[in-house]
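Colleague: Structure file my_file-v6.cif, mmCIF, C-alpha atoms and all ligand atoms, is pasted below:
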```cif
data_target
loop_
_atom_site.label_atom_id
_atom_site.label_comp_id
_atom_site.auth_asym_id
_atom_site.auth_seq_id
_atom_site.Cartn_x
_atom_site.Cartn_y
_atom_site.Cartn_z
CA MET A 1 109.73 119.44 76.66
CA SER A 2 108.50 117.07 73.98
CA ARG A 3 105.70 114.73 74.98
CA ILE A 4 105.15 112.94 71.69
CA SER A 5 104.94 109.19 71.85
CA LEU A 6 104.64 106.31 69.44
CA THR A 7 103.13 102.93 70.32
CA ARG A 8 103.36 99.71 68.33
CA ILE A 9 101.59 96.48 69.18
CA TYR A 10 103.36 93.14 68.94
CA SER A 11 102.52 89.60 70.00
CA PHE A 12 104.06 86.30 70.97
CA SER A 13 102.77 82.98 72.25
CA ALA A 14 104.40 81.11 75.08
CA ALA A 15 103.76 78.55 77.80
CA HIS A 16 104.42 78.78 81.51
CA ARG A 17 103.46 77.52 84.91
CA LEU A 18 103.01 79.65 88.01
CA ASN A 19 104.63 77.83 90.89
CA SER A 20 106.70 79.12 93.80
CA THR A 21 109.39 76.86 95.24
CA ILE A 22 109.04 78.59 98.61
CA LEU A 23 105.36 77.71 98.91
CA SER A 24 103.79 74.32 99.58
CA ASP A 25 101.95 72.46 96.83
CA GLU A 26 98.72 73.32 98.55
CA GLU A 27 99.57 77.02 98.80
CA ASN A 28 100.64 77.11 95.16
CA LYS A 29 97.33 75.56 94.14
CA GLN A 30 95.38 78.01 96.27
CA ILE A 31 97.24 81.13 95.04
CA PHE A 32 97.80 80.31 91.39
CA ASP A 33 94.75 78.10 90.82
CA LYS A 34 94.59 76.88 87.18
CA CYS A 35 97.86 78.63 86.39
CA ASN A 36 99.58 76.13 88.71
CA ASN A 37 98.63 73.25 86.39
CA TYR A 38 101.60 70.86 86.55
CA TYR A 39 102.11 70.57 82.80
CA GLY A 40 101.77 74.30 82.18
CA HIS A 41 99.48 76.24 79.86
CA GLY A 42 99.83 78.84 77.14
CA HIS A 43 98.98 82.45 76.41
CA ASP A 44 98.83 84.61 73.31
CA TYR A 45 100.50 87.67 74.75
CA SER A 46 100.16 91.16 73.27
CA VAL A 47 102.84 93.73 73.93
CA GLU A 48 102.29 97.46 73.48
CA VAL A 49 105.64 99.22 73.31
CA THR A 50 105.68 103.01 73.64
CA LEU A 51 108.63 105.21 72.79
CA ARG A 52 108.75 108.86 73.65
CA GLY A 53 111.02 111.53 72.26
CA LYS A 54 111.50 114.37 69.84
CA PRO A 55 110.82 113.52 66.22
CA ASN A 56 113.94 113.53 64.09
CA PRO A 57 113.66 116.69 61.92
CA ALA A 58 114.81 114.76 58.86
CA THR A 59 112.13 112.07 59.10
CA GLY A 60 109.43 113.59 61.30
CA MET A 61 109.53 110.36 63.31
CA ILE A 62 110.72 109.29 66.76
CA ILE A 63 112.18 106.14 65.20
CA PRO A 64 111.89 104.61 61.74
CA LEU A 65 109.22 101.91 62.02
CA PRO A 66 111.35 99.21 60.33
CA GLU A 67 114.05 99.76 62.95
CA PHE A 68 111.48 99.64 65.78
CA ASP A 69 109.91 96.47 64.39
CA THR A 70 113.23 94.74 63.82
CA VAL A 71 114.45 95.36 67.36
CA VAL A 72 111.22 94.25 69.04
CA THR A 73 110.35 91.29 66.83
CA GLU A 74 113.90 89.90 66.94
CA PHE A 75 113.78 90.01 70.72
CA LEU A 76 110.25 88.56 70.96
CA ALA A 77 111.33 85.72 68.67
CA THR A 78 113.48 84.51 71.59
CA LEU A 79 110.23 83.91 73.54
CA GLU A 80 108.04 82.67 70.70
CA HIS A 81 106.55 79.22 71.36
CA LYS A 82 108.88 78.70 74.32
CA HIS A 83 108.10 77.37 77.75
CA LEU A 84 109.21 80.46 79.65
CA ASP A 85 110.16 78.69 82.90
CA MET A 86 112.18 75.99 81.21
CA GLU A 87 113.71 77.79 78.25
CA VAL A 88 114.29 81.40 79.30
CA PRO A 89 117.07 81.64 81.90
CA TYR A 90 115.58 84.78 83.55
CA PHE A 91 112.63 82.68 84.73
CA LYS A 92 114.69 79.85 86.21
CA ASP A 93 114.44 81.56 89.59
CA LYS A 94 111.60 84.03 88.95
CA ILE A 95 107.95 83.09 88.67
CA SER A 96 106.69 83.89 85.17
CA THR A 97 103.84 86.14 86.33
CA GLY A 98 102.77 89.03 84.14
CA GLU A 99 104.51 91.33 86.60
CA ASN A 100 107.83 89.55 86.13
CA ILE A 101 107.44 89.11 82.37
CA VAL A 102 106.76 92.83 81.81
CA GLN A 103 109.84 93.65 83.92
CA TYR A 104 111.90 91.26 81.77
CA LEU A 105 110.56 92.86 78.57
CA TRP A 106 111.54 96.29 79.90
CA ASN A 107 115.07 95.19 80.87
CA GLU A 108 115.69 93.60 77.50
CA LEU A 109 114.06 96.18 75.22
CA GLU A 110 115.64 99.12 77.03
CA GLN A 111 119.07 97.73 76.12
CA ARG A 112 118.13 97.19 72.50
CA LEU A 113 116.17 100.34 71.63
CA PRO A 114 117.76 103.77 71.06
CA SER A 115 118.95 105.18 74.36
CA GLY A 116 116.36 106.81 76.62
CA LYS A 117 113.41 106.37 74.23
CA LEU A 118 111.57 103.46 75.82
CA PHE A 119 108.75 105.01 77.83
CA HIS A 120 106.10 102.38 78.55
CA ILE A 121 105.25 98.72 77.99
CA ARG A 122 101.84 97.12 78.42
CA LEU A 123 101.70 93.32 78.42
CA TRP A 124 98.31 91.73 77.81
CA GLU A 125 98.21 88.20 79.18
CA THR A 126 94.51 87.58 78.53
CA ASN A 127 91.61 89.74 77.36
CA ASN A 128 90.95 90.49 81.01
CA ASN A 129 94.32 91.46 82.39
CA TYR A 130 97.35 93.49 81.51
CA PHE A 131 100.52 94.64 83.23
CA ASP A 132 102.19 98.04 82.85
CA ILE A 133 105.72 99.24 83.36
CA GLY A 134 107.12 102.60 82.43
CA LYS A 135 108.59 105.89 83.36
CA ASP A 136 105.24 107.20 84.61
CA ALA A 137 103.48 103.93 85.40
NI NI A 201 99.18 81.76 82.74
#
```
Can you turn what I pasted into structure tokens?

Modeller:
Amino acid sequence: MSRISLTRIYSFSAAHRLNSTILSDEENKQIFDKCNNYYGHGHDYSVEVTLRGKPNPATGMIIPLPEFDTVVTEFLATLEHKHLDMEVPYFKDKISTGENIVQYLWNELEQRLPSGKLFHIRLWETNNNYFDIGKDA
């Protein structure tokens, strides 16, 4: 069973506001603190995308890097400099927490990357916190 993986690091910048419609204004403020700021705020997100699989005997690689980069950067361009809550339909009814963003990245990239190869995604929201999703995470 092959256990070789490849990880590439990408980035995008976006704005959001953490606010739950089922909580009171006071509760939102208490739970989300500065991230509840009415006019939103931004992050420079980093995304570590890991594929796992057997290297192709012809190339010695799990995936050609240009193909990997094209798939991921074309998708991330749909988030670049957007206000996630207002411009990305997925977040119309989901709070744009790191937990929900990393789930969204997984759903979208899994459809776009070669079947069965996506293994793990780590989303850095700040230097102090990251969110993981994956087949063993
Ligand atoms: Ni934030």

Colleague: Kindly work out which residues sit at most 9 Å from ligand NI 201 (chain A), using all atoms listed in the file, and give the list as a list in words.

Modeller: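 Going residue by residue within 9 Å of ligand NI 201 (chain A), we get Ala15, His16, Arg17, Leu18, Phe32, Lys34, Cys35, Asn36, Gly40, His41, Gly42, His43, Ser96, Thr97, Gly98, Glu125 and Thr126 of chain A.
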
Colleague: Would you work out the distance separating atom CA of Gln103 of chain A from atom CA of Arg122 of chain A, expressed in Å to one decimal?

Modeller: 10.3 Å

Colleague: So the first atom is atom CA of Asn56 of chain A and the second is atom CA of Glu110 of chain A; what is the distance between them in Å, to one decimal place?

Modeller: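 Interatomic distance here is 19.4 Å.
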
Colleague: For Tyr10 of chain A, which residue out of A:Glu99, A:Leu105, A:Gly60, A:Asp69 is the nearest one, using all atoms listed in the file?

Modeller: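 Smallest distance to Tyr10 of chain A is found for A:Asp69.
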
Colleague: Which residue out of A:Asp93, A:Glu74, A:Asp85, A:Glu26 has the minimum interatomic distance to Glu108 of chain A when only C-alpha atoms are used?

Modeller: A:Glu74

Colleague: To one decimal place, how far is atom CA of Val102 of chain A from atom CA of Glu27 of chain A in Å?

Modeller: 24.3 Å

Colleague: Select, from A:Asn128, A:Ser11, A:Thr50, A:Ser115, the residue with the minimum atom-to-atom distance to Glu80 of chain A, counting all atoms listed in the file.

Modeller: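 For Glu80 of chain A, the nearest of the candidates is A:Ser11.
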
Colleague: For a quick check of understanding, using all atoms listed in the file, which of A:Tyr90, A:Asn28, A:Arg8, A:His120 has the smallest distance to Pro66 of chain A?

Modeller: A:Arg8

Colleague: Which residue out of A:Met61, A:Ile22, A:Leu113, A:Val71 has the minimum interatomic distance to Ser5 of chain A when only C-alpha atoms are used?

Modeller: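 That would be A:Met61, the residue with the smallest distance to Ser5 of chain A.
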
Colleague: What's around Leu76 of chain A at 12 Å? Count only C-alpha atoms, leave out sequence neighbours fewer than 3 positions away in its own chain, and write the answer as JSON, numbers by chain.

Modeller: {"A": [9, 10, 11, 12, 13, 14, 45, 46, 47, 49, 69, 70, 71, 72, 73, 79, 80, 81, 82, 84, 88, 101, 104, 105, 106, 108, 109, 112]}
